[in-house]
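Report on one structure; see the data block that follows.
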Amino acid sequence: MKKILVVEDNETNMYLFSRILRKGGYEVIPVTSGEEGVETAIREKPDLILMDIQLTDMDGLEATKRIRESEAEGKIPIIALTSYAMVGDKEKALEVGCTGYIEKPINPDTFLKEIEKYLSL
Amino acid sequence: MRILIVDDNKENLCLLETLLKGSGYEVVSAGNGAEALEKLRTESIDIIISDVLMPIMDGFKLCKEVKGKDELKNIPFIFYTATYKDKRDEKLALKLGADKYILKPAEPEELIKIIQGVVRDVEKGKFEPKKPALEEKKEVLKLYSERLVNKLEKKMLDLEREITERKKAEEALKKAHDELEVRVAERTKELTQANLHLEELDRLKSKFIASMSHELKTPLNPIIGLTGIILQGISGEITEVQRKELTMVKNSANHLLALISDIIDVSKIEANQIELAIEKLDLSELIQEVRDTFKIAVDEKDLKMSLKTPEGLIIKSDKRRAKQVIIKLVSNAVKFTDKGEIAIKAEKKDERVEISVADTGIGIKKENMKMLFKQFSRIHVEGRTRAEGTGLGLYLSKKIADLLGGEISAESEFGKGSKFTFILPLKYKEASP
């Protein structure tokens, strides 16, 4: 079973992502802060990371940067969860090393397909 | 009796002439000493009445000339003056051979009376022409120059006084000017500050709208997401009624999302904060993507949708923004068409590409055409429930078209259909407004 690390500080969103991903046959590791996200990513080496960009402690961009710095080889796909509210969010995410991005609010009909796409890269 | 009157002031001359003529005398007039000499050369004159101060040749010089000529020296010479009131002026005049020296009274009528009196005396022969004191030439010259120096000194004093006054006025003017400059500088500073403040407010406003909209979007994620998974049956079987009602929830949530996204875009455009991502893109591919998005909606309404684009239409523009406009046009066409066809067409024309979306829908009344691209102008269509929209779609599309250096236009026949045309430059240019 493939492991997906979800870094998301909103409880309801976390419930939603876990629900869809588990139904899709993935193991979900939920963490609620950037700090924890970095630690867990290094320890657990998940198959994919869903990273909320706007976190309260350390933002998703910083967390992504740290994960990338710690990696020796074999980059884990990191998917940024962004909303288009702020100018340049998407570009910034790719700059710090995100593999791609999924716009929030997510489309529940295509969400799993997108995850599959990034896993098969 | 012919009288020569000499005065540089035309009004004086005219007045004297009229009055003397009225008394039955013949009058010859001259504007200065030189003119007077010329008249004396050609005309026979019985009496000379002259002003003192005149340009070219003054009265003193004229008198000297007249009294120095044998053929003229017997003509009575009478001075009148308003300015040369000094006794020494009169003395000089008499030395030069003048017969009478009259100080001009304030009222012109007085002067005329005096002159008429003198003229009558001359007529009656009471007047003994004086002989010029030519033997005292040196003394006369001395007197003359003395008088001139005196006059000049007076003039100079006048000039000095005038200069002082002018300087004072200039200083006052300069002071006023400096004060004004200071005030202008102060006002400019105030305005600059006010302007900066406004810019800051504007920036804060767009920032507020952007972050507010983000906050509004956040709860939509679970609303749309969870509704979606329930509809997918992930949380267990649902009844048809539940499906129908949840679909309404989902549609409303999506509508709200569209509204928020449009508000974000409009606020960004109006605050000049939109960032374009210009890249090479295949417009044909992009249009096909849009068509695929609407496949289900078109099938549900049992409409036909045709697509005509050349293979590989590569342009340089902002993909997301261009797509946003095309989606808007196609979604409107689908929304307002109940039967028939939606035809999407892209064509290269010179340096531009023309994308048109034509439908066989309800069309737009002529009077409503000008409202189309205005914000929150939603046209009521009889017999239809209020269409779900943001009231910002076409307004935003026009703004985006402008931003991309293109344009957007519409033609329509009510009841038959509409055609919207979106034109883009093949290559986006930074300078395009």
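Residue numbering restarts at 1 in every chain; chains get A, B, ... in the order shown in the structure tokens, and ligands count up from 1 in that same order.
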Find the residues of chain B that sit at most 8 Å from chain A; for each, write down the nearest two atoms and how far apart they are in Å, to one decimal. Count only C-alpha atoms. Sort by chain, then by number going up, and give it as a Markdown table.
| residue | atom | partner | partner_atom | distance |
| --- | --- | --- | --- | --- |
| B:Ala210 | CA | A:Ala85 | CA | 5.6 |
| B:Ser211 | CA | A:Ala85 | CA | 6.8 |
| B:Ser213 | CA | A:Ala85 | CA | 6.8 |
| B:His214 | CA | A:Ala85 | CA | 5.4 |
| B:Lys217 | CA | A:Pro105 | CA | 7.0 |
| B:Thr218 | CA | A:Pro105 | CA | 7.2 |
| B:Leu220 | CA | A:Pro105 | CA | 6.1 |
| B:Asn221 | CA | A:Pro105 | CA | 4.0 |
| B:Pro222 | CA | A:Asn13 | CA | 5.7 |
| B:Ile224 | CA | A:Pro105 | CA | 7.0 |
| B:Gly225 | CA | A:Pro108 | CA | 5.2 |
| B:Leu226 | CA | A:Leu16 | CA | 6.3 |
| B:Gly228 | CA | A:Pro108 | CA | 5.3 |
| B:Ile229 | CA | A:Pro108 | CA | 6.5 |
| B:Ile234 | CA | A:Lys23 | CA | 7.1 |
| B:Ile264 | CA | A:Ala85 | CA | 6.8 |
| B:Gln273 | CA | A:Val87 | CA | 7.8 |
| B:Ile274 | CA | A:Val87 | CA | 7.3 |
| B:Glu275 | CA | A:Val87 | CA | 6.9 |
> Got a sec: who's within 12 Å of A:Glu69, counting only C-alpha atoms, leaving out chain neighbours fewer than 5 positions off, as an MDAnalysis selection string?
Replying inline: chainID A and resid 38 41:42 62:64 75:76 96:97
Selected residues written out with C-alpha atoms, as a PDB file, in the first residue's frame:
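Okay, this is what ended up in out05.pdb:
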ATOM      1  CA  VAL A  38       9.586  17.765   7.576  1.00  0.00           C
ATOM      2  CA  ALA A  41       8.900  13.044   5.533  1.00  0.00           C
ATOM      3  CA  ILE A  42      12.519  12.263   6.438  1.00  0.00           C
ATOM      4  CA  GLU A  62       9.730  26.429   3.774  1.00  0.00           C
ATOM      5  CA  ALA A  63       8.855  22.837   4.686  1.00  0.00           C
ATOM      6  CA  THR A  64       9.255  21.772   1.067  1.00  0.00           C
ATOM      7  CA  LYS A  75      12.815  12.868  -5.023  1.00  0.00           C
ATOM      8  CA  ILE A  76       9.467  12.318  -3.345  1.00  0.00           C
ATOM      9  CA  VAL A  96      11.121  25.754  -3.984  1.00  0.00           C
ATOM     10  CA  GLY A  97      10.875  22.256  -5.404  1.00  0.00           C
TER      11      GLY A  97
END
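Between atom CA of B:Gly117 and atom CA of B:Ala82 there is a distance of 18.6 Å.
One distance worth recording is that between atom CA of B:Lys301 and atom CA of B:Phe336, which is 10.8 Å.
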> So which residues touch B:Leu143 within 10 Å, counting only C-alpha atoms, skipping near sequence neighbours fewer than 5 positions away, as an MDAnalysis selection string?
Replying inline: chainID B and resid 88:89 91:93 95:96 137:138 148:149
Residue subset to file, keeping N, CA and C atoms, as a compact mmCIF listing (two decimals), in the first residue's frame:
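Heads up, here's the output in result-v2.txt:
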# COMPACT_ATOMS: atom_id res chain seq x y z
N ARG B 88 11.91 131.98 -13.89
CA ARG B 88 13.13 132.00 -14.73
C ARG B 88 12.84 131.49 -16.13
N ASP B 89 11.81 130.61 -16.27
CA ASP B 89 11.41 130.14 -17.60
C ASP B 89 10.84 131.32 -18.40
N LYS B 91 11.44 134.39 -17.89
CA LYS B 91 12.52 135.34 -18.19
C LYS B 91 13.28 134.89 -19.44
N LEU B 92 13.56 133.62 -19.50
CA LEU B 92 14.26 133.08 -20.67
C LEU B 92 13.45 133.32 -21.93
N ALA B 93 12.14 133.03 -21.83
CA ALA B 93 11.28 133.17 -23.01
C ALA B 93 11.30 134.62 -23.51
N LYS B 95 13.58 136.85 -22.97
CA LYS B 95 14.92 137.14 -23.51
C LYS B 95 15.03 136.65 -24.94
N LEU B 96 14.39 135.49 -25.21
CA LEU B 96 14.46 134.91 -26.55
C LEU B 96 13.62 135.73 -27.54
N LYS B 137 23.12 137.28 -26.51
CA LYS B 137 23.11 135.89 -26.95
C LYS B 137 23.71 134.94 -25.91
N LYS B 138 24.86 135.31 -25.41
CA LYS B 138 25.56 134.44 -24.46
C LYS B 138 24.72 134.20 -23.21
N LEU B 148 17.34 124.19 -18.94
CA LEU B 148 17.30 122.78 -19.37
C LEU B 148 17.86 121.86 -18.29
N VAL B 149 19.02 122.32 -17.70
CA VAL B 149 19.64 121.52 -16.63
C VAL B 149 18.65 121.36 -15.49
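DSSP annotation of chain A from backbone atoms: strand (DSSP E or B) residues are Lys3, Ile4, Leu5, Val6, Val7, Glu27, Val28, Ile29, Pro30, Val31, Leu48, Ile49, Leu50, Met51, Asp52, Ile78, Ile79, Ala80, Leu81, Thr82, Gly100, Tyr101, Ile102 and Glu103 of chain A.
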Would you write out those residues with C-alpha atoms, as an mmCIF file, in the first residue's frame?
data_model
loop_
_atom_site.group_PDB
_atom_site.id
_atom_site.type_symbol
_atom_site.label_atom_id
_atom_site.label_comp_id
_atom_site.auth_asym_id
_atom_site.auth_seq_id
_atom_site.Cartn_x
_atom_site.Cartn_y
_atom_site.Cartn_z
ATOM 1 C CA LYS A 3 1.990 5.918 1.720
ATOM 2 C CA ILE A 4 0.847 9.499 1.340
ATOM 3 C CA LEU A 5 1.909 12.169 3.837
ATOM 4 C CA VAL A 6 -0.698 14.906 4.181
ATOM 5 C CA VAL A 7 0.492 18.183 5.752
ATOM 6 C CA GLU A 27 -2.191 4.730 3.519
ATOM 7 C CA VAL A 28 -2.480 8.235 4.918
ATOM 8 C CA ILE A 29 -0.018 9.789 7.383
ATOM 9 C CA PRO A 30 -1.683 12.945 8.700
ATOM 10 C CA VAL A 31 0.402 15.744 10.233
ATOM 11 C CA LEU A 48 3.938 11.251 -2.104
ATOM 12 C CA ILE A 49 3.443 14.373 0.008
ATOM 13 C CA LEU A 50 0.398 16.647 -0.139
ATOM 14 C CA MET A 51 1.564 19.977 1.243
ATOM 15 C CA ASP A 52 -0.726 22.795 2.224
ATOM 16 C CA ILE A 78 5.494 16.970 -3.306
ATOM 17 C CA ILE A 79 2.157 18.372 -4.400
ATOM 18 C CA ALA A 80 1.349 21.879 -3.202
ATOM 19 C CA LEU A 81 -2.207 22.626 -2.227
ATOM 20 C CA THR A 82 -2.756 26.229 -3.296
ATOM 21 C CA GLY A 100 3.100 20.147 -8.968
ATOM 22 C CA TYR A 101 0.082 21.757 -7.429
ATOM 23 C CA ILE A 102 -3.567 21.073 -6.880
ATOM 24 C CA GLU A 103 -5.903 23.994 -6.567
#
>> To test your reading of the structure, identify every residue in stretch 5-119 of chain A that backbone DSSP assigns to helix (DSSP H, G or I), and report it as a count of residues only.
In response: 51
> stretch 23-39 of chain B: which residues within 6 Å, counting only C-alpha atoms, same-chain residues fewer than 2 positions away excluded, as a PyMOL selection string?
Replying inline: chain B and resi 1-8+20-21+41-43+54+57-58+62
Residues from the last selection, C-alpha atoms, saved as a JSON list (two decimals), in the first residue's frame:
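Generated output (result-v4.json):
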[["chain", "number", "residue", "atom", "x", "y", "z"],
["B", 1, "MET", "CA", -6.03, 136.99, -39.29],
["B", 2, "ARG", "CA", -4.12, 133.72, -39.50],
["B", 3, "ILE", "CA", -3.00, 132.15, -36.28],
["B", 4, "LEU", "CA", -0.36, 129.40, -36.04],
["B", 5, "ILE", "CA", -0.88, 127.18, -33.04],
["B", 6, "VAL", "CA", 1.90, 124.81, -32.00],
["B", 7, "ASP", "CA", 1.30, 121.98, -29.53],
["B", 8, "ASP", "CA", 2.28, 118.32, -29.44],
["B", 20, "LEU", "CA", -10.36, 130.11, -32.45],
["B", 21, "LYS", "CA", -12.14, 129.17, -35.64],
["B", 41, "ARG", "CA", 8.02, 129.04, -44.60],
["B", 42, "THR", "CA", 4.98, 128.34, -46.79],
["B", 43, "GLU", "CA", 2.17, 130.31, -45.21],
["B", 54, "MET", "CA", 7.37, 119.46, -27.42],
["B", 57, "MET", "CA", 11.97, 121.01, -31.45],
["B", 58, "ASP", "CA", 10.70, 122.70, -28.30],
["B", 62, "LEU", "CA", 11.25, 127.70, -32.14]]
> In Å, with one decimal, what is the gap from atom CA of B:Val325 to atom CA of B:Ile400?
Replying inline: 7.4 Å
>> Which residues are close to stretch 365-368 of chain B, i.e. within 9 Å by only C-alpha atoms, leaving aside same-chain residues fewer than 6 positions away? Reply as an MDAnalysis selection string.
In response: chainID B and resid 379 412:415
